[in-house]
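Pasting run_9.txt here (compact mmCIF, C-alpha atoms):
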# COMPACT_ATOMS: atom_id res chain seq x y z
CA GLY A 22 -5.06 5.24 43.42
CA ARG A 23 -4.89 6.71 39.96
CA ALA A 24 -7.60 6.15 37.44
CA GLY A 25 -6.98 3.71 34.64
CA GLY A 26 -5.40 0.31 34.46
CA GLY A 27 -1.72 1.19 34.45
CA PRO A 28 0.85 0.62 37.16
CA GLY A 29 0.02 2.65 40.21
CA ALA A 30 -3.72 2.07 40.02
CA ASP A 31 -5.50 0.38 42.93
CA ASP A 32 -4.90 -3.32 42.40
CA ASP A 33 -8.31 -4.22 43.87
CA SER A 34 -10.07 -2.20 41.19
CA ILE A 35 -8.14 -3.71 38.31
CA ARG A 36 -9.69 -6.33 36.11
CA VAL A 37 -7.01 -8.62 34.76
CA PRO A 38 -7.24 -8.62 30.95
CA ILE A 39 -7.92 -11.86 29.09
CA ALA A 40 -4.53 -11.45 27.44
CA ALA A 41 -2.86 -12.00 30.83
CA TRP A 42 -4.69 -15.30 31.35
CA TYR A 43 -3.81 -16.26 27.79
CA GLY A 44 -0.16 -15.56 28.59
CA LEU A 45 -0.34 -17.69 31.74
CA ALA A 46 -1.92 -20.54 29.76
CA VAL A 47 0.89 -20.36 27.19
CA LEU A 48 3.50 -20.44 29.96
CA LEU A 49 1.83 -23.49 31.51
CA MET A 50 1.59 -25.36 28.20
CA THR A 51 5.19 -24.51 27.34
CA THR A 52 6.30 -25.86 30.71
CA LEU A 53 4.32 -29.06 30.09
CA PHE A 54 6.03 -29.37 26.69
CA ALA A 55 9.42 -29.07 28.38
CA PHE A 56 8.44 -31.72 30.93
CA VAL A 57 7.45 -34.17 28.18
CA VAL A 58 10.82 -33.70 26.47
CA ARG A 59 12.71 -34.08 29.74
CA GLN A 60 10.81 -37.18 30.81
CA MET A 61 11.24 -38.78 27.40
CA LEU A 62 15.01 -38.72 27.88
CA SER A 63 14.54 -40.85 30.99
CA LEU A 64 12.01 -43.17 29.41
CA ILE A 65 14.17 -44.05 26.40
CA ALA A 66 17.18 -44.97 28.56
CA PRO A 67 16.51 -48.76 28.40
CA SER A 68 16.12 -48.54 24.62
CA LEU A 69 19.44 -46.70 24.31
CA GLN A 70 21.13 -49.49 26.23
CA THR A 71 19.52 -52.11 24.01
CA SER A 72 20.00 -50.51 20.59
CA LEU A 73 23.23 -48.57 21.10
CA GLY A 74 24.83 -50.55 23.92
CA PHE A 75 25.15 -47.63 26.31
CA THR A 76 26.38 -48.41 29.80
CA ASP A 77 24.70 -47.29 33.00
CA PHE A 78 27.49 -44.74 33.39
CA GLN A 79 26.79 -43.25 29.96
CA ILE A 80 23.07 -43.09 30.67
CA GLY A 81 23.86 -41.32 33.93
CA MET A 82 26.08 -38.88 32.05
CA LEU A 83 23.28 -38.09 29.61
CA GLN A 84 20.71 -37.52 32.34
CA GLY A 85 23.04 -35.93 34.87
CA LEU A 86 25.93 -34.09 33.24
CA GLY A 87 24.13 -33.35 29.99
CA MET A 88 21.06 -31.90 31.67
CA ALA A 89 21.75 -30.70 35.21
CA LEU A 90 25.26 -29.27 34.79
CA PHE A 91 24.72 -27.43 31.53
CA ALA A 92 21.25 -26.21 32.55
CA CYS A 93 22.86 -24.68 35.63
CA ILE A 94 25.67 -23.09 33.60
CA ALA A 95 23.31 -21.72 30.95
CA SER A 96 20.72 -20.30 33.36
CA TYR A 97 22.71 -17.14 34.11
CA PRO A 98 23.41 -16.05 30.50
CA MET A 99 19.83 -16.91 29.55
CA GLY A 100 18.55 -14.68 32.36
CA TRP A 101 21.01 -11.93 31.42
CA LEU A 102 19.87 -12.00 27.79
CA ALA A 103 16.20 -12.08 28.82
CA ASP A 104 16.64 -8.86 30.85
CA ARG A 105 18.27 -7.09 27.93
CA LEU A 106 16.67 -8.49 24.80
CA GLY A 107 13.21 -9.31 26.14
CA ARG A 108 11.93 -12.27 28.10
CA ARG A 109 9.41 -13.28 25.47
CA LEU A 110 12.05 -13.40 22.72
CA ILE A 111 14.59 -15.39 24.75
CA LEU A 112 11.92 -17.85 25.91
CA ALA A 113 10.86 -18.39 22.29
CA ILE A 114 14.49 -18.94 21.27
CA GLY A 115 14.83 -21.42 24.14
CA VAL A 116 11.80 -23.35 22.88
CA ALA A 117 13.32 -23.47 19.39
CA CYS A 118 16.66 -24.61 20.82
CA TRP A 119 15.33 -27.50 22.89
CA SER A 120 12.91 -28.59 20.15
CA LEU A 121 15.64 -28.70 17.51
CA ALA A 122 18.03 -30.48 19.87
CA THR A 123 15.34 -33.06 20.69
CA PHE A 124 14.68 -33.68 17.01
CA LEU A 125 18.39 -34.07 16.25
CA CYS A 126 18.76 -36.58 19.10
CA ALA A 127 16.63 -38.99 17.07
CA PHE A 128 19.37 -39.26 14.42
CA GLN A 129 22.33 -39.89 16.72
CA ASP A 130 24.15 -43.21 16.90
CA SER A 131 26.93 -42.29 19.30
CA PHE A 132 27.21 -41.28 22.91
CA GLY A 133 28.88 -38.01 21.93
CA GLY A 134 26.06 -37.11 19.56
CA LEU A 135 23.36 -37.77 22.14
CA LEU A 136 25.33 -35.93 24.82
CA ALA A 137 25.51 -32.89 22.53
CA GLY A 138 21.75 -33.19 21.95
CA THR A 139 20.95 -33.32 25.65
CA ILE A 140 23.23 -30.32 26.23
CA GLY A 141 21.21 -28.44 23.61
CA ILE A 142 17.99 -29.40 25.39
CA ALA A 143 19.44 -28.29 28.73
CA ILE A 144 20.55 -24.92 27.34
CA GLY A 145 17.14 -24.33 25.76
CA GLU A 146 15.29 -25.17 28.96
CA ALA A 147 17.73 -23.34 31.25
CA GLY A 148 15.87 -20.06 31.12
CA LEU A 149 12.39 -21.55 31.41
CA ALA A 150 11.73 -21.22 35.14
CA PRO A 151 13.51 -17.89 35.84
CA ILE A 152 12.00 -16.24 32.75
CA ILE A 153 8.50 -17.47 33.51
CA TYR A 154 8.59 -16.34 37.15
CA ALA A 155 9.80 -12.95 35.92
CA MET A 156 7.05 -12.75 33.29
CA ILE A 157 4.16 -13.41 35.67
CA PRO A 158 4.64 -10.02 37.44
CA ASP A 159 4.55 -8.42 33.97
CA LEU A 160 1.17 -10.03 33.32
CA PHE A 161 -0.57 -9.62 36.69
CA PRO A 162 -0.87 -6.81 39.28
CA GLU A 163 0.55 -7.50 42.73
CA ARG A 164 -2.70 -8.61 44.39
CA LYS A 165 -3.39 -11.06 41.58
CA ARG A 166 0.07 -12.60 41.44
CA ASN A 167 -0.49 -15.07 44.26
CA THR A 168 -3.34 -16.59 42.30
CA ALA A 169 -1.32 -16.66 39.09
CA ASN A 170 1.72 -18.16 40.84
CA PHE A 171 -0.45 -20.77 42.55
CA ILE A 172 -2.02 -21.78 39.23
CA PHE A 173 1.36 -21.99 37.54
CA TYR A 174 3.07 -23.84 40.39
CA GLY A 175 0.21 -26.32 40.76
CA GLY A 176 0.06 -26.82 37.02
CA SER A 177 3.81 -27.40 36.91
CA LEU A 178 3.64 -30.10 39.57
CA LEU A 179 0.81 -31.76 37.70
CA GLY A 180 2.71 -31.29 34.45
CA ALA A 181 5.64 -33.38 35.68
CA GLY A 182 3.30 -36.35 36.12
CA ILE A 183 1.50 -35.65 32.86
CA GLY A 184 4.82 -35.43 31.05
CA MET A 185 5.86 -38.86 32.30
CA ALA A 186 2.45 -40.33 31.44
CA LEU A 187 2.40 -38.86 27.93
CA GLY A 188 5.94 -39.99 27.24
CA GLY A 189 5.23 -43.50 28.50
CA ALA A 190 2.00 -43.71 26.51
CA THR A 191 3.82 -42.62 23.35
CA LEU A 192 6.49 -45.30 23.73
CA GLN A 193 3.89 -47.95 24.57
CA TRP A 194 1.81 -47.05 21.53
CA LEU A 195 4.84 -47.12 19.24
CA ALA A 196 5.81 -50.55 20.53
CA ALA A 197 2.29 -51.96 20.23
CA SER A 198 1.28 -50.43 16.90
CA PRO A 199 4.25 -50.54 14.49
CA ASP A 200 1.97 -51.38 11.55
CA SER A 201 0.02 -48.15 11.96
CA LEU A 202 3.09 -46.01 11.23
CA PRO A 203 3.88 -44.65 7.76
CA ALA A 204 5.97 -46.93 5.57
CA TRP A 205 8.95 -44.57 5.66
CA LEU A 206 9.17 -45.07 9.43
CA ALA A 207 9.32 -48.86 9.16
CA GLY A 208 12.41 -50.30 10.76
CA ILE A 209 13.25 -47.15 12.71
CA ASP A 210 13.78 -47.62 16.45
CA SER A 211 10.76 -46.59 18.48
CA TRP A 212 12.86 -44.31 20.68
CA ARG A 213 13.94 -42.34 17.62
CA ILE A 214 10.35 -41.93 16.46
CA ALA A 215 9.36 -40.87 19.98
CA MET A 216 12.03 -38.16 20.06
CA MET A 217 10.90 -36.86 16.68
CA ALA A 218 7.27 -36.90 17.82
CA VAL A 219 7.86 -34.91 21.02
CA ALA A 220 9.87 -32.34 19.06
CA LEU A 221 7.11 -31.69 16.52
CA PRO A 222 5.09 -29.20 18.66
CA GLY A 223 8.17 -26.97 18.91
CA PRO A 224 7.26 -24.53 16.09
CA LEU A 225 3.74 -24.16 17.51
CA PHE A 226 5.01 -23.28 20.98
CA PHE A 227 7.59 -20.94 19.45
CA LEU A 228 4.75 -18.99 17.82
CA LEU A 229 2.53 -19.13 20.92
CA VAL A 230 5.26 -17.59 23.06
CA LEU A 231 5.81 -14.82 20.53
CA THR A 232 2.09 -13.95 20.59
CA MET A 233 2.01 -13.47 24.36
CA PRO A 234 1.39 -10.01 25.83
CA HIS A 235 4.42 -8.31 27.31
CA GLY A 236 5.49 -5.17 29.16
CA PRO A 237 3.74 -3.81 32.28
CA TRP A 238 1.03 -6.06 33.75
CA ALA A 239 -1.67 -3.65 32.59
CA ALA A 240 -1.01 -4.48 28.91
CA ALA A 241 -4.38 -5.56 27.62
CA HIS A 242 -3.27 -5.88 24.03
CA PHE A 243 -0.79 -8.09 22.31
Produce structure tokens that represent the structure in this file.
Amino acid sequence: GRAGGGPGADDDSIRVPIAAWYGLAVLLMTTLFAFVVRQMLSLIAPSLQTSLGFTDFQIGMLQGLGMALFACIASYPMGWLADRLGRRLILAIGVACWSLATFLCAFQDSFGGLLAGTIGIAIGEAGLAPIIYAMIPDLFPERKRNTANFIFYGGSLLGAGIGMALGGATLQWLAASPDSLPAWLAGIDSWRIAMMAVALPGPLFFLLVLTMPHGPWAAAHF
């Protein structure tokens, strides 16, 4: 193979740069963030029925039509934009979109408002999986991709459970410790506070994604 660390070099002789592992860690954490948001929508369903009087059909519409249908519709244009404008940029925009939509959900009092919020979350998350699985080959040479894919896939499976656990723990804490909240949050439904709380890391993940390495897998610099 050719000397150096660029494409075409012998994969066995290539040392994966730390930047690539940093990128994989960011992708894993971003996926976990998305799981927490997604699971929170399921966990607050009983509270929506209690405080807003939503029916089982409306809850099903929020979790089914709002998420699955629009995520499916949005996945193609998100992938198309990622190929043309850059995967890192579109992923960061997706993070901003689902974070903002999650935050705005906390202020909705109608079914239409929450449906629009869940559609925003679905659109933001639509490009997550296809973009990430396209970015891993940019970060790792061919012989290292199995390891990277295994780590990401395993972490994603674990992340689904962690997301449910974190979401449940947040709601439980809010219900058990209302006096520990700031005064300006007094009287606000716990599900609204929970939605605001899970949206707060959005700007951090937006910046983390933008600091990832990009381009050919040999890129050792940001």
Q: Would you mind listing what lies within 7 Å of region 53-65 of chain A as a VMD selection string, with all atoms listed in the file counted and same-chain residues fewer than 3 positions away left out?
A: chain A and resid 49 to 50 68 to 69 180 to 181 184 to 185 187 to 189 212 219
Q. So how far away is CA of Ile140 (chain A) from CA of Leu110 (chain A), in Å?
A.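 For CA of Leu110 (chain A) relative to CA of Ile140 (chain A), the distance reads 20.6 Å.
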**Q.** Pick from A:Leu136, A:Val116, A:Ile39, A:Gly44, whichever lies nearest to Gly81 (chain A) using only C-alpha atoms
**A.** A:Leu136
Q | From A:Val37, A:Arg166, A:Met216, A:Glu146, residue lying nearest Leu192 (chain A) [only C-alpha atoms] | A | A:Met216
Q: Just give me the gap between CA of Ser131 (chain A) and CA of Leu149 (chain A) in Å, one decimal is fine.
A: 28.1 Å
Q) Which value, in Å to one decimal, gives the distance between CA of Ile172 (chain A) and CA of Arg36 (chain A)? A)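 Calculated distance between CA of Ile172 (chain A) and CA of Arg36 (chain A) is 17.5 Å.
The nearest approach to Phe75 (chain A) among the residues A:Gly115, A:Ala95, A:Gly133, A:Ser120, with all atoms listed in the file taken into account, belongs to A:Gly133.
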Q | Selection: 12 Å around region 224-231 of chain A, all atoms listed in the file, excl. self and same-chain fewer than 2 positions, as a PyMOL selection string | A | chain A and resi 43-55+107-121+124+145+149+152-153+156+219-222+233-235+243
Q | Using all atoms listed in the file: which of A:Phe171, A:Ile157, A:Trp205, A:Ile142 has the shortest distance to Ala41 (chain A) | A |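 Distance minimum relative to Ala41 (chain A) lands on A:Ile157.
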**Q.** Nearest-residue call for Met82 (chain A), choices A:Tyr154, A:Ala215, A:Pro98, A:Phe132, using all atoms listed in the file
**A.**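 Of A:Tyr154, A:Ala215, A:Pro98, A:Phe132, the one nearest Met82 (chain A) is A:Phe132, counting all atoms listed in the file.
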Q | Nearest-residue call for Gly141 (chain A), choices A:Ala89, A:Leu160, A:Ala169, A:Ala103, using only C-alpha atoms | A |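 The shortest atom-to-atom distance to Gly141 (chain A) comes from A:Ala89.
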